[in-house]
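Visitor: File input-v6.cif below, mmCIF, N, CA and C atoms:
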data_start
#
loop_
_atom_site.group_PDB
_atom_site.id
_atom_site.type_symbol
_atom_site.label_atom_id
_atom_site.label_comp_id
_atom_site.auth_asym_id
_atom_site.auth_seq_id
_atom_site.Cartn_x
_atom_site.Cartn_y
_atom_site.Cartn_z
ATOM 1 N N MET A 1 8.293 -11.539 3.363
ATOM 2 C CA MET A 1 6.966 -10.938 3.280
ATOM 3 C C MET A 1 7.035 -9.532 2.692
ATOM 4 N N ARG A 2 8.119 -8.815 2.959
ATOM 5 C CA ARG A 2 8.243 -7.467 2.417
ATOM 6 C C ARG A 2 8.336 -7.485 0.899
ATOM 7 N N HIS A 3 8.812 -8.585 0.359
ATOM 8 C CA HIS A 3 8.908 -8.715 -1.084
ATOM 9 C C HIS A 3 7.523 -8.578 -1.716
ATOM 10 N N TRP A 4 6.516 -9.168 -1.110
ATOM 11 C CA TRP A 4 5.148 -9.080 -1.627
ATOM 12 C C TRP A 4 4.568 -7.696 -1.433
ATOM 13 N N TRP A 5 4.917 -7.035 -0.335
ATOM 14 C CA TRP A 5 4.394 -5.687 -0.101
ATOM 15 C C TRP A 5 4.859 -4.717 -1.186
ATOM 16 N N LYS A 6 6.051 -4.929 -1.681
ATOM 17 C CA LYS A 6 6.570 -4.074 -2.745
ATOM 18 C C LYS A 6 5.681 -4.180 -3.984
ATOM 19 N N TYR A 7 5.351 -5.398 -4.370
ATOM 20 C CA TYR A 7 4.528 -5.584 -5.563
ATOM 21 C C TYR A 7 3.078 -5.170 -5.344
ATOM 22 N N ILE A 8 2.573 -5.374 -4.156
ATOM 23 C CA ILE A 8 1.216 -4.928 -3.852
ATOM 24 C C ILE A 8 1.138 -3.407 -3.901
ATOM 25 N N THR A 9 2.147 -2.736 -3.350
ATOM 26 C CA THR A 9 2.186 -1.280 -3.374
ATOM 27 C C THR A 9 2.300 -0.759 -4.800
ATOM 28 N N LEU A 10 3.125 -1.400 -5.615
ATOM 29 C CA LEU A 10 3.240 -0.993 -7.020
ATOM 30 C C LEU A 10 1.919 -1.167 -7.767
ATOM 31 N N ALA A 11 1.241 -2.276 -7.533
ATOM 32 C CA ALA A 11 -0.042 -2.513 -8.200
ATOM 33 C C ALA A 11 -1.079 -1.481 -7.768
ATOM 34 N N LEU A 12 -1.109 -1.162 -6.489
ATOM 35 C CA LEU A 12 -2.043 -0.138 -6.010
ATOM 36 C C LEU A 12 -1.733 1.232 -6.589
ATOM 37 N N TRP A 13 -0.451 1.557 -6.715
ATOM 38 C CA TRP A 13 -0.052 2.846 -7.283
ATOM 39 C C TRP A 13 -0.509 2.958 -8.739
ATOM 40 N N VAL A 14 -0.289 1.905 -9.524
ATOM 41 C CA VAL A 14 -0.686 1.930 -10.934
ATOM 42 C C VAL A 14 -2.206 1.982 -11.054
ATOM 43 N N PHE A 15 -2.906 1.198 -10.254
ATOM 44 C CA PHE A 15 -4.369 1.209 -10.307
ATOM 45 C C PHE A 15 -4.923 2.572 -9.912
ATOM 46 N N LEU A 16 -4.427 3.141 -8.830
ATOM 47 C CA LEU A 16 -4.910 4.447 -8.381
ATOM 48 C C LEU A 16 -4.605 5.526 -9.403
ATOM 49 N N PHE A 17 -3.429 5.481 -9.989
ATOM 50 C CA PHE A 17 -3.049 6.480 -10.982
ATOM 51 C C PHE A 17 -3.957 6.407 -12.205
ATOM 52 N N SER A 18 -4.231 5.213 -12.691
ATOM 53 C CA SER A 18 -5.099 5.071 -13.864
ATOM 54 C C SER A 18 -6.552 5.396 -13.517
ATOM 55 N N TYR A 19 -6.966 5.085 -12.297
ATOM 56 C CA TYR A 19 -8.334 5.401 -11.877
ATOM 57 C C TYR A 19 -8.529 6.915 -11.792
ATOM 58 N N LEU A 20 -7.579 7.607 -11.209
ATOM 59 C CA LEU A 20 -7.699 9.063 -11.099
ATOM 60 C C LEU A 20 -7.641 9.736 -12.468
ATOM 61 N N ARG A 21 -6.920 9.133 -13.402
ATOM 62 C CA ARG A 21 -6.900 9.663 -14.766
ATOM 63 C C ARG A 21 -8.296 9.627 -15.378
ATOM 64 N N SER A 22 -9.001 8.544 -15.174
ATOM 65 C CA SER A 22 -10.334 8.428 -15.745
ATOM 66 C C SER A 22 -11.344 9.281 -14.978
ATOM 67 N N VAL A 23 -11.156 9.460 -13.677
ATOM 68 C CA VAL A 23 -12.079 10.281 -12.893
ATOM 69 C C VAL A 23 -11.984 11.746 -13.301
ATOM 70 N N PHE A 24 -10.758 12.239 -13.476
ATOM 71 C CA PHE A 24 -10.564 13.645 -13.834
ATOM 72 C C PHE A 24 -10.605 13.888 -15.329
ATOM 73 N N GLU A 25 -10.816 12.843 -16.105
ATOM 74 C CA GLU A 25 -10.937 12.910 -17.562
ATOM 75 C C GLU A 25 -9.775 13.661 -18.198
ATOM 76 N N VAL A 26 -8.575 13.198 -17.901
ATOM 77 C CA VAL A 26 -7.364 13.783 -18.463
ATOM 78 C C VAL A 26 -7.247 13.352 -19.920
ATOM 79 N N PRO A 27 -7.017 14.296 -20.827
ATOM 80 C CA PRO A 27 -6.865 13.915 -22.238
ATOM 81 C C PRO A 27 -5.640 13.027 -22.451
ATOM 82 N N LYS A 28 -5.698 12.209 -23.507
ATOM 83 C CA LYS A 28 -4.639 11.238 -23.767
ATOM 84 C C LYS A 28 -3.291 11.899 -24.030
ATOM 85 N N ASN A 29 -3.280 13.016 -24.770
ATOM 86 C CA ASN A 29 -1.993 13.647 -25.079
ATOM 87 C C ASN A 29 -1.339 14.230 -23.825
ATOM 88 N N ILE A 30 -2.123 14.773 -22.911
ATOM 89 C CA ILE A 30 -1.581 15.280 -21.650
ATOM 90 C C ILE A 30 -1.093 14.118 -20.786
ATOM 91 N N TYR A 31 -1.810 13.017 -20.828
ATOM 92 C CA TYR A 31 -1.420 11.854 -20.033
ATOM 93 C C TYR A 31 -0.076 11.309 -20.492
ATOM 94 N N PHE A 32 0.147 11.256 -21.803
ATOM 95 C CA PHE A 32 1.422 10.722 -22.302
ATOM 96 C C PHE A 32 2.581 11.668 -22.006
ATOM 97 N N ILE A 33 2.332 12.968 -22.007
ATOM 98 C CA ILE A 33 3.406 13.943 -21.777
ATOM 99 C C ILE A 33 3.730 14.077 -20.298
ATOM 100 N N ILE A 34 2.710 14.133 -19.452
ATOM 101 C CA ILE A 34 2.926 14.384 -18.023
ATOM 102 C C ILE A 34 2.667 13.144 -17.173
ATOM 103 N N GLY A 35 1.632 12.397 -17.486
ATOM 104 C CA GLY A 35 1.210 11.278 -16.646
ATOM 105 C C GLY A 35 2.162 10.102 -16.615
ATOM 106 N N LEU A 36 2.624 9.681 -17.760
ATOM 107 C CA LEU A 36 3.523 8.521 -17.792
ATOM 108 C C LEU A 36 4.849 8.775 -17.079
ATOM 109 N N PRO A 37 5.489 9.942 -17.262
ATOM 110 C CA PRO A 37 6.701 10.181 -16.465
ATOM 111 C C PRO A 37 6.432 10.205 -14.964
ATOM 112 N N LEU A 38 5.287 10.756 -14.545
ATOM 113 C CA LEU A 38 4.937 10.734 -13.124
ATOM 114 C C LEU A 38 4.699 9.317 -12.631
ATOM 115 N N LEU A 39 4.045 8.519 -13.440
ATOM 116 C CA LEU A 39 3.805 7.122 -13.078
ATOM 117 C C LEU A 39 5.120 6.366 -12.920
ATOM 118 N N LEU A 40 6.025 6.522 -13.886
ATOM 119 C CA LEU A 40 7.313 5.829 -13.817
ATOM 120 C C LEU A 40 8.160 6.343 -12.657
ATOM 121 N N ALA A 41 8.147 7.643 -12.421
ATOM 122 C CA ALA A 41 8.917 8.201 -11.305
ATOM 123 C C ALA A 41 8.386 7.676 -9.975
ATOM 124 N N GLY A 42 7.080 7.575 -9.848
ATOM 125 C CA GLY A 42 6.496 7.021 -8.633
ATOM 126 C C GLY A 42 6.856 5.568 -8.440
ATOM 127 N N MET A 43 6.884 4.811 -9.533
ATOM 128 C CA MET A 43 7.255 3.396 -9.431
ATOM 129 C C MET A 43 8.712 3.245 -8.997
ATOM 130 N N PHE A 44 9.600 4.037 -9.588
ATOM 131 C CA PHE A 44 11.008 3.966 -9.189
ATOM 132 C C PHE A 44 11.212 4.423 -7.756
ATOM 133 N N LEU A 45 10.434 5.405 -7.310
ATOM 134 C CA LEU A 45 10.531 5.857 -5.921
ATOM 135 C C LEU A 45 10.084 4.763 -4.963
ATOM 136 N N ILE A 46 9.011 4.076 -5.283
ATOM 137 C CA ILE A 46 8.537 2.981 -4.438
ATOM 138 C C ILE A 46 9.576 1.869 -4.376
ATOM 139 N N LEU A 47 10.133 1.509 -5.534
ATOM 140 C CA LEU A 47 11.167 0.467 -5.555
ATOM 141 C C LEU A 47 12.390 0.893 -4.755
ATOM 142 N N TYR A 48 12.791 2.152 -4.870
ATOM 143 C CA TYR A 48 13.948 2.654 -4.134
ATOM 144 C C TYR A 48 13.702 2.616 -2.631
ATOM 145 N N LEU A 49 12.524 3.027 -2.220
ATOM 146 C CA LEU A 49 12.229 3.035 -0.787
ATOM 147 C C LEU A 49 12.182 1.633 -0.204
ATOM 148 N N PHE A 50 11.657 0.675 -0.955
ATOM 149 C CA PHE A 50 11.641 -0.700 -0.458
ATOM 150 C C PHE A 50 13.047 -1.293 -0.426
ATOM 151 N N GLU A 51 13.879 -0.973 -1.388
ATOM 152 C CA GLU A 51 15.255 -1.472 -1.369
ATOM 153 C C GLU A 51 16.032 -0.857 -0.212
ATOM 154 N N LYS A 52 15.764 0.401 0.056
ATOM 155 C CA LYS A 52 16.451 1.072 1.153
ATOM 156 C C LYS A 52 16.087 0.445 2.487
ATOM 157 N N THR A 53 14.817 0.102 2.696
ATOM 158 C CA THR A 53 14.412 -0.524 3.956
ATOM 159 C C THR A 53 14.933 -1.949 4.043
ATOM 160 N N ASN A 54 15.039 -2.656 2.925
ATOM 161 C CA ASN A 54 15.565 -4.029 2.951
ATOM 162 C C ASN A 54 17.049 -4.048 3.299
ATOM 163 N N LYS A 55 17.820 -3.091 2.816
ATOM 164 C CA LYS A 55 19.243 -3.051 3.120
ATOM 165 C C LYS A 55 19.483 -2.690 4.587
ATOM 166 N N GLY A 56 18.590 -1.879 5.168
ATOM 167 C CA GLY A 56 18.762 -1.474 6.553
ATOM 168 C C GLY A 56 18.502 -2.611 7.527
ATOM 169 N N GLU A 57 17.734 -3.623 7.112
ATOM 170 C CA GLU A 57 17.415 -4.729 8.004
ATOM 171 C C GLU A 57 18.492 -5.800 8.019
ATOM 172 N N LYS A 58 19.338 -5.867 7.026
ATOM 173 C CA LYS A 58 20.350 -6.937 6.938
ATOM 174 C C LYS A 58 21.496 -6.709 7.871
#
Please express what this file holds, its structure, as structure tokens.

Guide:
Amino acid sequence: MRHWWKYITLALWVFLFSYLRSVFEVPKNIYFIIGLPLLLAGMFLILYLFEKTNKGEK
């Protein structure tokens, strides 16, 4: 079941990140320079945290 939570959390993170971009009207050039690295770093952090909890349960 935790396997699905990882993907649900990733989908929510991407949706929230893109939604907040449109709410705050961030220009495209700023989004590519700052936003995409933040998005990818957040995704890797989520994946790392889920892998860390999965290894602790085994």

Visitor: Within 7 Å of range 2-14 of chain A, counting all atoms listed in the file, which residues qualify if same-chain residues fewer than 4 places away don't, as a list of chain:residue names?

Guide: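 Close residues of range 2-14 of chain A: A:Ser18, A:Tyr19, A:Met43, A:Ile46, A:Phe50.
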
Visitor: Hey, can you check how far atom C of Ile33 in chain A sits from atom N of Leu49 in chain A?

Guide: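 Going from atom C of Ile33 in chain A over to atom N of Leu49 in chain A, I get 22.9 Å.
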
Visitor: Give me every alpha helix (DSSP H) residue in chain A, going by DSSP on the backbone, as number ranges by chain.

Guide: A: 2-23, 28-30, 36-57

Visitor: Could you write out as lines of an AutoDock Vina configuration file the box around range 35-43 of chain A (axis-aligned, all atoms listed in the file, 4 Å on each side), with centre and edge lengths in Å to one decimal?

Guide:
center_x = 5.1
center_y = 7.8
center_z = -13.1
size_x = 15.7
size_y = 17.2
size_z = 17.4

Visitor: For a test of reading the model, state the distance in Å between CA of Arg21 in chain A and atom C of Leu38 in chain A, rounded to one decimal.

Guide: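 Between CA of Arg21 in chain A and atom C of Leu38 in chain A the gap is 11.8 Å.
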
Visitor: By how many Å are atom N of Phe44 in chain A and atom C of Phe15 in chain A apart?

Guide: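 Distance between the two atoms: 14.6 Å.
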